Amino acid sequence: MNSAILDPDVQNYINQNLKTDPTVLILKGVTFPEVSAAEVVEQIESKSRCEKKLPSWFQQSNIYYPNKLNIEQTSSELTANYKSRLISGNTLIDLTGGFGVDAYYFGKVFKHVTHCELNADLSKMVTHNFDMFNVNNITTISEDGISFLQNTEKNYDWIYVDPSRRHDSKGKVFFLKDCLPNIPEQLDILWSRSKNILIKTSPLLDISIGLNELVNVKTIHIIAVNNEVKELLWVLEHGFTGKVKITTVNLKKGGDEQFEFLHEDEAEVEIIHSEPLIYLYEPNSAIMKSGGFNSLTESFGVTKLHKHSHLYTSEKLIAFPGRTFKIEKVVPYNKKQIKKLNIKKANVTTRNFPDTVQNIRNAFKIKDGGDDYLFFTTDIDNEKIVLICKKND
């Protein structure tokens, strides 16, 4: 960490060049004797990435930023704030602190938070940034979190860990056992210091695999932001042996969409299939990740078009966690009939259909966009159909 970056002239230069092409700055060079052009560009690139993801950091003066990879890997303020609403207590330890966004939000609901970060430079940056925010209830420790737990006698109300998905020899990994730290292998150490564990994992981690690797899982939270799944959260409670609750949330401006069900009950739900009715529903991405397709029918009183289509329908309009459409017309998937519709522009989606969106666009010369929404799917009789819809705002 080069403290000269915090010089007022350097900070002013960074703020004035947030929209400047980094290549231009590198070629031009800088006139600061203790700060290189590469260091300045790194600050500019990282800060620029925080404008929407971390607005509190972006707006706060004299923040020291790590490289852009650290910014990419950190939680957004939206997801960090969501996490902070799930748990509470007196003490929490963050074993893989990183840029400190999660720790910052946990500090709003816990009396004291311990932030462990193996990278000494990153730990210094976080310490400095917390000072800029006038945070006084977070202790930063430049040490491996697991090693710190092994050597301390303290117990914590909660342990939080976000294992790295990048392995030194295996590259990017998706199994928990291949992440660093290896949580399944270290669970005994974690349980020796807390009865409650919160784990953040990649949205690509398969839920069934995670359940096989972990024990005492109480709840799984699937978090999407504007219909893009960002992270999975695993809540573990020592000794818990009940049914696992899966909670899905889609954080968006118009209001959060939330849905929950019991993982073990999903297969037992008796679902009803039907022909397309008046309204069509497409679940949001968090629900698609959860696999709670049968539970949706029970919770919202909708019917399903086909076992594998994951599209739902109803006679009356309901509030549904996803996109809602009014069905204008249903036609068989027949090239002559579809061409007769003379649709030049539409939003095309496929669900349980043997062809791709791009091939469909090419075959029928349909441009992207417009007010029409076409769903190419399979119905209850295993027939290929096209639903012509209007979005229900």
# chains A, B, ... in the order shown; residues from 1 in each chain; ligands from 1

call {"tool": "residues_around", "arguments": {"residues": "Ala286 of chain A", "least_positions_apart": "6", "cutoff": "8 Å", "atoms": "only C-alpha atoms", "output": "JSON list (two decimals) with C-alpha atoms, in the first residue's frame"}}
result
[["chain", "number", "residue", "atom", "x", "y", "z"],
["A", 222, "ILE", "CA", -30.32, -17.50, -3.38],
["A", 223, "ILE", "CA", -29.73, -13.81, -4.10],
["A", 224, "ALA", "CA", -30.35, -12.23, -7.50],
["A", 227, "ASN", "CA", -32.77, -11.02, -12.23],
["A", 228, "GLU", "CA", -29.09, -12.07, -12.25],
["A", 229, "VAL", "CA", -28.09, -14.57, -9.55],
["A", 248, "THR", "CA", -35.01, -16.93, -3.08],
["A", 249, "VAL", "CA", -34.87, -13.16, -3.44],
["A", 250, "ASN", "CA", -34.61, -10.95, -6.50]]

call {"tool": "select_by_dssp", "arguments": {"residues": "segment 5-147 of chain A", "states": "helix (DSSP H, G or I)", "output": "PDB file with N, CA and C atoms, in the first residue's frame"}}
result
ATOM      1  N   ILE A   5      -0.625   7.710  -2.552  1.00  0.00           N
ATOM      2  CA  ILE A   5      -1.827   7.754  -3.378  1.00  0.00           C
ATOM      3  C   ILE A   5      -2.907   8.614  -2.723  1.00  0.00           C
ATOM      4  N   LEU A   6      -2.841   8.752  -1.397  1.00  0.00           N
ATOM      5  CA  LEU A   6      -3.845   9.526  -0.677  1.00  0.00           C
ATOM      6  C   LEU A   6      -3.531  11.020  -0.663  1.00  0.00           C
ATOM      7  N   PRO A   8      -3.670  14.724  -1.614  1.00  0.00           N
ATOM      8  CA  PRO A   8      -4.799  15.448  -2.214  1.00  0.00           C
ATOM      9  C   PRO A   8      -4.671  15.682  -3.719  1.00  0.00           C
ATOM     10  N   ASP A   9      -3.460  15.972  -4.200  1.00  0.00           N
ATOM     11  CA  ASP A   9      -3.272  16.202  -5.635  1.00  0.00           C
ATOM     12  C   ASP A   9      -3.503  14.921  -6.440  1.00  0.00           C
ATOM     13  N   VAL A  10      -3.032  13.801  -5.885  1.00  0.00           N
ATOM     14  CA  VAL A  10      -3.224  12.517  -6.557  1.00  0.00           C
ATOM     15  C   VAL A  10      -4.709  12.146  -6.570  1.00  0.00           C
ATOM     16  N   GLN A  11      -5.362  12.335  -5.440  1.00  0.00           N
ATOM     17  CA  GLN A  11      -6.789  12.030  -5.357  1.00  0.00           C
ATOM     18  C   GLN A  11      -7.601  12.887  -6.320  1.00  0.00           C
ATOM     19  N   ASN A  12      -7.215  14.135  -6.430  1.00  0.00           N
ATOM     20  CA  ASN A  12      -7.906  15.037  -7.352  1.00  0.00           C
ATOM     21  C   ASN A  12      -7.724  14.581  -8.800  1.00  0.00           C
ATOM     22  N   TYR A  13      -6.511  14.139  -9.124  1.00  0.00           N
ATOM     23  CA  TYR A  13      -6.215  13.640 -10.475  1.00  0.00           C
ATOM     24  C   TYR A  13      -7.050  12.387 -10.769  1.00  0.00           C
ATOM     25  N   ILE A  14      -7.141  11.501  -9.799  1.00  0.00           N
ATOM     26  CA  ILE A  14      -7.944  10.275  -9.959  1.00  0.00           C
ATOM     27  C   ILE A  14      -9.406  10.622 -10.241  1.00  0.00           C
ATOM     28  N   ASN A  15      -9.952  11.519  -9.440  1.00  0.00           N
ATOM     29  CA  ASN A  15     -11.365  11.884  -9.591  1.00  0.00           C
ATOM     30  C   ASN A  15     -11.645  12.592 -10.914  1.00  0.00           C
ATOM     31  N   GLN A  16     -10.679  13.336 -11.409  1.00  0.00           N
ATOM     32  CA  GLN A  16     -10.864  14.062 -12.665  1.00  0.00           C
ATOM     33  C   GLN A  16     -10.737  13.164 -13.898  1.00  0.00           C
ATOM     34  N   PRO A  22      -7.742   4.463 -19.826  1.00  0.00           N
ATOM     35  CA  PRO A  22      -6.505   4.150 -19.094  1.00  0.00           C
ATOM     36  C   PRO A  22      -5.257   4.119 -19.982  1.00  0.00           C
ATOM     37  N   THR A  23      -5.426   3.666 -21.224  1.00  0.00           N
ATOM     38  CA  THR A  23      -4.278   3.599 -22.140  1.00  0.00           C
ATOM     39  C   THR A  23      -3.696   4.986 -22.382  1.00  0.00           C
ATOM     40  N   VAL A  24      -4.571   5.964 -22.498  1.00  0.00           N
ATOM     41  CA  VAL A  24      -4.127   7.347 -22.706  1.00  0.00           C
ATOM     42  C   VAL A  24      -3.319   7.828 -21.509  1.00  0.00           C
ATOM     43  N   LEU A  25      -3.759   7.487 -20.322  1.00  0.00           N
ATOM     44  CA  LEU A  25      -3.064   7.919 -19.104  1.00  0.00           C
ATOM     45  C   LEU A  25      -1.694   7.260 -18.980  1.00  0.00           C
ATOM     46  N   ILE A  26      -1.630   5.973 -19.341  1.00  0.00           N
ATOM     47  CA  ILE A  26      -0.355   5.254 -19.276  1.00  0.00           C
ATOM     48  C   ILE A  26       0.652   5.880 -20.240  1.00  0.00           C
ATOM     49  N   LEU A  27       0.203   6.158 -21.453  1.00  0.00           N
ATOM     50  CA  LEU A  27       1.095   6.749 -22.466  1.00  0.00           C
ATOM     51  C   LEU A  27       1.517   8.168 -22.086  1.00  0.00           C
ATOM     52  N   LYS A  28       0.591   8.877 -21.499  1.00  0.00           N
ATOM     53  CA  LYS A  28       0.869  10.261 -21.107  1.00  0.00           C
ATOM     54  C   LYS A  28       1.785  10.319 -19.894  1.00  0.00           C
ATOM     55  N   ALA A  37       2.312   5.809 -12.881  1.00  0.00           N
ATOM     56  CA  ALA A  37       1.113   5.869 -13.719  1.00  0.00           C
ATOM     57  C   ALA A  37       0.280   4.600 -13.561  1.00  0.00           C
ATOM     58  N   ALA A  38       0.965   3.448 -13.429  1.00  0.00           N
ATOM     59  CA  ALA A  38       0.253   2.169 -13.266  1.00  0.00           C
ATOM     60  C   ALA A  38      -0.576   2.163 -11.974  1.00  0.00           C
ATOM     61  N   GLU A  39      -0.011   2.722 -10.894  1.00  0.00           N
ATOM     62  CA  GLU A  39      -0.743   2.776  -9.624  1.00  0.00           C
ATOM     63  C   GLU A  39      -1.959   3.688  -9.729  1.00  0.00           C
ATOM     64  N   VAL A  40      -1.798   4.814 -10.392  1.00  0.00           N
ATOM     65  CA  VAL A  40      -2.914   5.753 -10.556  1.00  0.00           C
ATOM     66  C   VAL A  40      -4.019   5.120 -11.400  1.00  0.00           C
ATOM     67  N   VAL A  41      -3.641   4.470 -12.483  1.00  0.00           N
ATOM     68  CA  VAL A  41      -4.622   3.828 -13.360  1.00  0.00           C
ATOM     69  C   VAL A  41      -5.366   2.722 -12.614  1.00  0.00           C
ATOM     70  N   GLU A  42      -4.653   1.973 -11.789  1.00  0.00           N
ATOM     71  CA  GLU A  42      -5.289   0.923 -10.996  1.00  0.00           C
ATOM     72  C   GLU A  42      -6.368   1.510 -10.084  1.00  0.00           C
ATOM     73  N   GLN A  43      -6.065   2.643  -9.452  1.00  0.00           N
ATOM     74  CA  GLN A  43      -7.048   3.313  -8.595  1.00  0.00           C
ATOM     75  C   GLN A  43      -8.256   3.785  -9.414  1.00  0.00           C
ATOM     76  N   ILE A  44      -7.979   4.343 -10.578  1.00  0.00           N
ATOM     77  CA  ILE A  44      -9.056   4.842 -11.437  1.00  0.00           C
ATOM     78  C   ILE A  44      -9.967   3.704 -11.901  1.00  0.00           C
ATOM     79  N   GLU A  45      -9.357   2.616 -12.360  1.00  0.00           N
ATOM     80  CA  GLU A  45     -10.155   1.476 -12.840  1.00  0.00           C
ATOM     81  C   GLU A  45     -10.987   0.865 -11.723  1.00  0.00           C
ATOM     82  N   SER A  46     -10.395   0.722 -10.549  1.00  0.00           N
ATOM     83  CA  SER A  46     -11.117   0.115  -9.431  1.00  0.00           C
ATOM     84  C   SER A  46     -12.229   1.030  -8.922  1.00  0.00           C
ATOM     85  N   LYS A  47     -11.919   2.320  -8.794  1.00  0.00           N
ATOM     86  CA  LYS A  47     -12.946   3.248  -8.311  1.00  0.00           C
ATOM     87  C   LYS A  47     -14.107   3.332  -9.290  1.00  0.00           C
ATOM     88  N   SER A  48     -13.816   3.340 -10.574  1.00  0.00           N
ATOM     89  CA  SER A  48     -14.875   3.415 -11.589  1.00  0.00           C
ATOM     90  C   SER A  48     -15.848   2.251 -11.458  1.00  0.00           C
ATOM     91  N   ARG A  49     -15.323   1.083 -11.134  1.00  0.00           N
ATOM     92  CA  ARG A  49     -16.162  -0.107 -10.990  1.00  0.00           C
ATOM     93  C   ARG A  49     -17.052  -0.044  -9.758  1.00  0.00           C
ATOM     94  N   CYS A  50     -16.752   0.882  -8.853  1.00  0.00           N
ATOM     95  CA  CYS A  50     -17.507   0.979  -7.599  1.00  0.00           C
ATOM     96  C   CYS A  50     -18.696   1.939  -7.676  1.00  0.00           C
ATOM     97  N   GLU A  51     -18.784   2.689  -8.777  1.00  0.00           N
ATOM     98  CA  GLU A  51     -19.808   3.731  -8.849  1.00  0.00           C
ATOM     99  C   GLU A  51     -21.211   3.177  -8.609  1.00  0.00           C
ATOM    100  N   LYS A  52     -21.516   2.041  -9.210  1.00  0.00           N
ATOM    101  CA  LYS A  52     -22.836   1.430  -9.023  1.00  0.00           C
ATOM    102  C   LYS A  52     -22.797   0.298  -8.004  1.00  0.00           C
ATOM    103  N   LYS A  53     -21.701  -0.448  -7.983  1.00  0.00           N
ATOM    104  CA  LYS A  53     -21.621  -1.617  -7.102  1.00  0.00           C
ATOM    105  C   LYS A  53     -21.438  -1.210  -5.640  1.00  0.00           C
ATOM    106  N   PRO A  55     -21.598   2.323  -4.090  1.00  0.00           N
ATOM    107  CA  PRO A  55     -21.755   3.783  -4.135  1.00  0.00           C
ATOM    108  C   PRO A  55     -21.262   4.505  -2.882  1.00  0.00           C
ATOM    109  N   SER A  56     -21.356   3.858  -1.718  1.00  0.00           N
ATOM    110  CA  SER A  56     -20.878   4.503  -0.484  1.00  0.00           C
ATOM    111  C   SER A  56     -19.370   4.702  -0.519  1.00  0.00           C
ATOM    112  N   TRP A  57     -18.646   3.726  -1.071  1.00  0.00           N
ATOM    113  CA  TRP A  57     -17.195   3.832  -1.212  1.00  0.00           C
ATOM    114  C   TRP A  57     -16.859   4.874  -2.286  1.00  0.00           C
ATOM    115  N   PHE A  58     -17.594   4.823  -3.380  1.00  0.00           N
ATOM    116  CA  PHE A  58     -17.349   5.739  -4.491  1.00  0.00           C
ATOM    117  C   PHE A  58     -17.528   7.198  -4.055  1.00  0.00           C
ATOM    118  N   GLN A  59     -18.524   7.448  -3.235  1.00  0.00           N
ATOM    119  CA  GLN A  59     -18.835   8.816  -2.820  1.00  0.00           C
ATOM    120  C   GLN A  59     -17.977   9.303  -1.653  1.00  0.00           C
ATOM    121  N   LYS A  68      -8.598  -4.267  -9.569  1.00  0.00           N
ATOM    122  CA  LYS A  68      -9.977  -4.440 -10.023  1.00  0.00           C
ATOM    123  C   LYS A  68     -10.500  -5.864  -9.824  1.00  0.00           C
ATOM    124  N   LEU A  69      -9.613  -6.861  -9.751  1.00  0.00           N
ATOM    125  CA  LEU A  69     -10.054  -8.235  -9.492  1.00  0.00           C
ATOM    126  C   LEU A  69     -10.678  -8.331  -8.103  1.00  0.00           C
ATOM    127  N   ASN A  70     -10.084  -7.665  -7.113  1.00  0.00           N
ATOM    128  CA  ASN A  70     -10.657  -7.642  -5.765  1.00  0.00           C
ATOM    129  C   ASN A  70     -12.047  -6.994  -5.774  1.00  0.00           C
ATOM    130  N   ILE A  71     -12.194  -5.947  -6.584  1.00  0.00           N
ATOM    131  CA  ILE A  71     -13.487  -5.273  -6.676  1.00  0.00           C
ATOM    132  C   ILE A  71     -14.520  -6.192  -7.328  1.00  0.00           C
ATOM    133  N   GLU A  72     -14.106  -6.930  -8.340  1.00  0.00           N
ATOM    134  CA  GLU A  72     -15.013  -7.867  -9.008  1.00  0.00           C
ATOM    135  C   GLU A  72     -15.480  -8.954  -8.049  1.00  0.00           C
ATOM    136  N   GLN A  73     -14.603  -9.396  -7.168  1.00  0.00           N
ATOM    137  CA  GLN A  73     -14.914 -10.523  -6.289  1.00  0.00           C
ATOM    138  C   GLN A  73     -15.679 -10.117  -5.034  1.00  0.00           C
ATOM    139  N   GLU A  77     -22.973  -3.660  -2.399  1.00  0.00           N
ATOM    140  CA  GLU A  77     -23.637  -3.139  -1.208  1.00  0.00           C
ATOM    141  C   GLU A  77     -25.040  -3.722  -1.044  1.00  0.00           C
ATOM    142  N   LEU A  78     -25.719  -3.950  -2.169  1.00  0.00           N
ATOM    143  CA  LEU A  78     -27.066  -4.520  -2.112  1.00  0.00           C
ATOM    144  C   LEU A  78     -27.055  -5.892  -1.447  1.00  0.00           C
ATOM    145  N   THR A  79     -26.134  -6.764  -1.880  1.00  0.00           N
ATOM    146  CA  THR A  79     -26.115  -8.116  -1.317  1.00  0.00           C
ATOM    147  C   THR A  79     -25.537  -8.119   0.097  1.00  0.00           C
ATOM    148  N   ALA A  80     -24.576  -7.243   0.369  1.00  0.00           N
ATOM    149  CA  ALA A  80     -24.014  -7.159   1.724  1.00  0.00           C
ATOM    150  C   ALA A  80     -25.082  -6.699   2.721  1.00  0.00           C
ATOM    151  N   ASN A  81     -25.871  -5.732   2.315  1.00  0.00           N
ATOM    152  CA  ASN A  81     -26.950  -5.245   3.167  1.00  0.00           C
ATOM    153  C   ASN A  81     -27.975  -6.347   3.412  1.00  0.00           C
ATOM    154  N   TYR A  82     -28.285  -7.130   2.385  1.00  0.00           N
ATOM    155  CA  TYR A  82     -29.215  -8.257   2.550  1.00  0.00           C
ATOM    156  C   TYR A  82     -28.671  -9.245   3.572  1.00  0.00           C
ATOM    157  N   LYS A  83     -27.388  -9.578   3.464  1.00  0.00           N
ATOM    158  CA  LYS A  83     -26.776 -10.507   4.419  1.00  0.00           C
ATOM    159  C   LYS A  83     -26.895  -9.999   5.858  1.00  0.00           C
ATOM    160  N   SER A  84     -26.677  -8.701   6.029  1.00  0.00           N
ATOM    161  CA  SER A  84     -26.696  -8.132   7.379  1.00  0.00           C
ATOM    162  C   SER A  84     -28.070  -8.200   8.021  1.00  0.00           C
ATOM    163  N   VAL A 101     -16.468  -5.114   2.529  1.00  0.00           N
ATOM    164  CA  VAL A 101     -17.842  -4.643   2.332  1.00  0.00           C
ATOM    165  C   VAL A 101     -18.821  -5.408   3.227  1.00  0.00           C
ATOM    166  N   ASP A 102     -18.695  -6.732   3.253  1.00  0.00           N
ATOM    167  CA  ASP A 102     -19.575  -7.518   4.117  1.00  0.00           C
ATOM    168  C   ASP A 102     -19.344  -7.167   5.586  1.00  0.00           C
ATOM    169  N   ALA A 103     -18.083  -7.070   5.996  1.00  0.00           N
ATOM    170  CA  ALA A 103     -17.765  -6.727   7.387  1.00  0.00           C
ATOM    171  C   ALA A 103     -18.359  -5.373   7.763  1.00  0.00           C
ATOM    172  N   TYR A 104     -18.296  -4.422   6.843  1.00  0.00           N
ATOM    173  CA  TYR A 104     -18.846  -3.079   7.089  1.00  0.00           C
ATOM    174  C   TYR A 104     -20.336  -3.163   7.410  1.00  0.00           C
ATOM    175  N   TYR A 105     -21.067  -3.946   6.635  1.00  0.00           N
ATOM    176  CA  TYR A 105     -22.512  -4.059   6.880  1.00  0.00           C
ATOM    177  C   TYR A 105     -22.833  -4.925   8.096  1.00  0.00           C
ATOM    178  N   PHE A 106     -22.028  -5.960   8.333  1.00  0.00           N
ATOM    179  CA  PHE A 106     -22.225  -6.732   9.566  1.00  0.00           C
ATOM    180  C   PHE A 106     -21.999  -5.842  10.787  1.00  0.00           C
ATOM    181  N   ALA A 120      -1.613  -8.634   3.396  1.00  0.00           N
ATOM    182  CA  ALA A 120      -1.281  -7.540   4.320  1.00  0.00           C
ATOM    183  C   ALA A 120      -1.626  -6.174   3.738  1.00  0.00           C
ATOM    184  N   ASP A 121      -1.338  -5.962   2.450  1.00  0.00           N
ATOM    185  CA  ASP A 121      -1.656  -4.680   1.811  1.00  0.00           C
ATOM    186  C   ASP A 121      -3.154  -4.423   1.808  1.00  0.00           C
ATOM    187  N   LEU A 122      -3.926  -5.445   1.462  1.00  0.00           N
ATOM    188  CA  LEU A 122      -5.386  -5.297   1.418  1.00  0.00           C
ATOM    189  C   LEU A 122      -5.931  -5.027   2.817  1.00  0.00           C
ATOM    190  N   SER A 123      -5.356  -5.682   3.811  1.00  0.00           N
ATOM    191  CA  SER A 123      -5.782  -5.446   5.196  1.00  0.00           C
ATOM    192  C   SER A 123      -5.532  -3.992   5.608  1.00  0.00           C
ATOM    193  N   LYS A 124      -4.384  -3.438   5.190  1.00  0.00           N
ATOM    194  CA  LYS A 124      -4.078  -2.031   5.500  1.00  0.00           C
ATOM    195  C   LYS A 124      -5.061  -1.091   4.805  1.00  0.00           C
ATOM    196  N   MET A 125      -5.389  -1.408   3.554  1.00  0.00           N
ATOM    197  CA  MET A 125      -6.367  -0.586   2.827  1.00  0.00           C
ATOM    198  C   MET A 125      -7.713  -0.570   3.545  1.00  0.00           C
ATOM    199  N   VAL A 126      -8.157  -1.741   3.957  1.00  0.00           N
ATOM    200  CA  VAL A 126      -9.453  -1.860   4.634  1.00  0.00           C
ATOM    201  C   VAL A 126      -9.441  -1.091   5.951  1.00  0.00           C
ATOM    202  N   THR A 127      -8.337  -1.200   6.686  1.00  0.00           N
ATOM    203  CA  THR A 127      -8.210  -0.464   7.952  1.00  0.00           C
ATOM    204  C   THR A 127      -8.322   1.042   7.708  1.00  0.00           C
ATOM    205  N   HIS A 128      -7.617   1.504   6.695  1.00  0.00           N
ATOM    206  CA  HIS A 128      -7.675   2.925   6.343  1.00  0.00           C
ATOM    207  C   HIS A 128      -9.097   3.331   5.951  1.00  0.00           C
ATOM    208  N   ASN A 129      -9.747   2.528   5.119  1.00  0.00           N
ATOM    209  CA  ASN A 129     -11.078   2.874   4.641  1.00  0.00           C
ATOM    210  C   ASN A 129     -12.105   2.907   5.769  1.00  0.00           C
ATOM    211  N   PHE A 130     -11.998   1.963   6.705  1.00  0.00           N
ATOM    212  CA  PHE A 130     -12.908   1.988   7.857  1.00  0.00           C
ATOM    213  C   PHE A 130     -12.724   3.274   8.668  1.00  0.00           C
ATOM    214  N   ASP A 131     -11.480   3.745   8.747  1.00  0.00           N
ATOM    215  CA  ASP A 131     -11.228   5.025   9.429  1.00  0.00           C
ATOM    216  C   ASP A 131     -11.935   6.172   8.709  1.00  0.00           C
ATOM    217  N   MET A 132     -11.932   6.126   7.369  1.00  0.00           N
ATOM    218  CA  MET A 132     -12.603   7.168   6.586  1.00  0.00           C
ATOM    219  C   MET A 132     -14.113   7.160   6.840  1.00  0.00           C
ATOM    220  N   GLY A 145      -7.615 -16.522   8.298  1.00  0.00           N
ATOM    221  CA  GLY A 145      -8.735 -16.643   9.226  1.00  0.00           C
ATOM    222  C   GLY A 145      -8.786 -17.968   9.952  1.00  0.00           C
ATOM    223  N   ILE A 146      -8.524 -19.067   9.240  1.00  0.00           N
ATOM    224  CA  ILE A 146      -8.551 -20.388   9.871  1.00  0.00           C
ATOM    225  C   ILE A 146      -7.449 -20.495  10.922  1.00  0.00           C
ATOM    226  N   SER A 147      -6.255 -20.019  10.597  1.00  0.00           N
ATOM    227  CA  SER A 147      -5.140 -20.042  11.559  1.00  0.00           C
ATOM    228  C   SER A 147      -5.479 -19.213  12.791  1.00  0.00           C
TER     229      SER A 147
END

call {"tool": "residues_around", "arguments": {"residues": "Val331 of chain A", "least_positions_apart": "5", "cutoff": "9 Å", "atoms": "only C-alpha atoms", "output": "list in words"}}
result
Gln337, Ile338, Ile385, Val386, Leu387 and Ile388 of chain A

call {"tool": "closest_residue", "arguments": {"among": "A:Asp393, A:Glu268, A:Glu275, A:Asp178", "to": "Gly322 of chain A", "atoms": "only C-alpha atoms"}}
result
A:Asp393

call {"tool": "closest_residue", "arguments": {"among": "A:Leu204, A:Leu92, A:Val161, A:Cys389", "to": "Lys289 of chain A", "atoms": "only C-alpha atoms"}}
result
A:Leu204

call {"tool": "closest_residue", "arguments": {"among": "A:Leu86, A:Val113, A:Leu95, A:Met288", "to": "Gln186 of chain A", "atoms": "only C-alpha atoms"}}
result
A:Leu95

call {"tool": "closest_residue", "arguments": {"among": "A:Leu236, A:Asn226, A:Phe375, A:Leu198", "to": "Glu282 of chain A", "atoms": "only C-alpha atoms"}}
result
A:Phe375
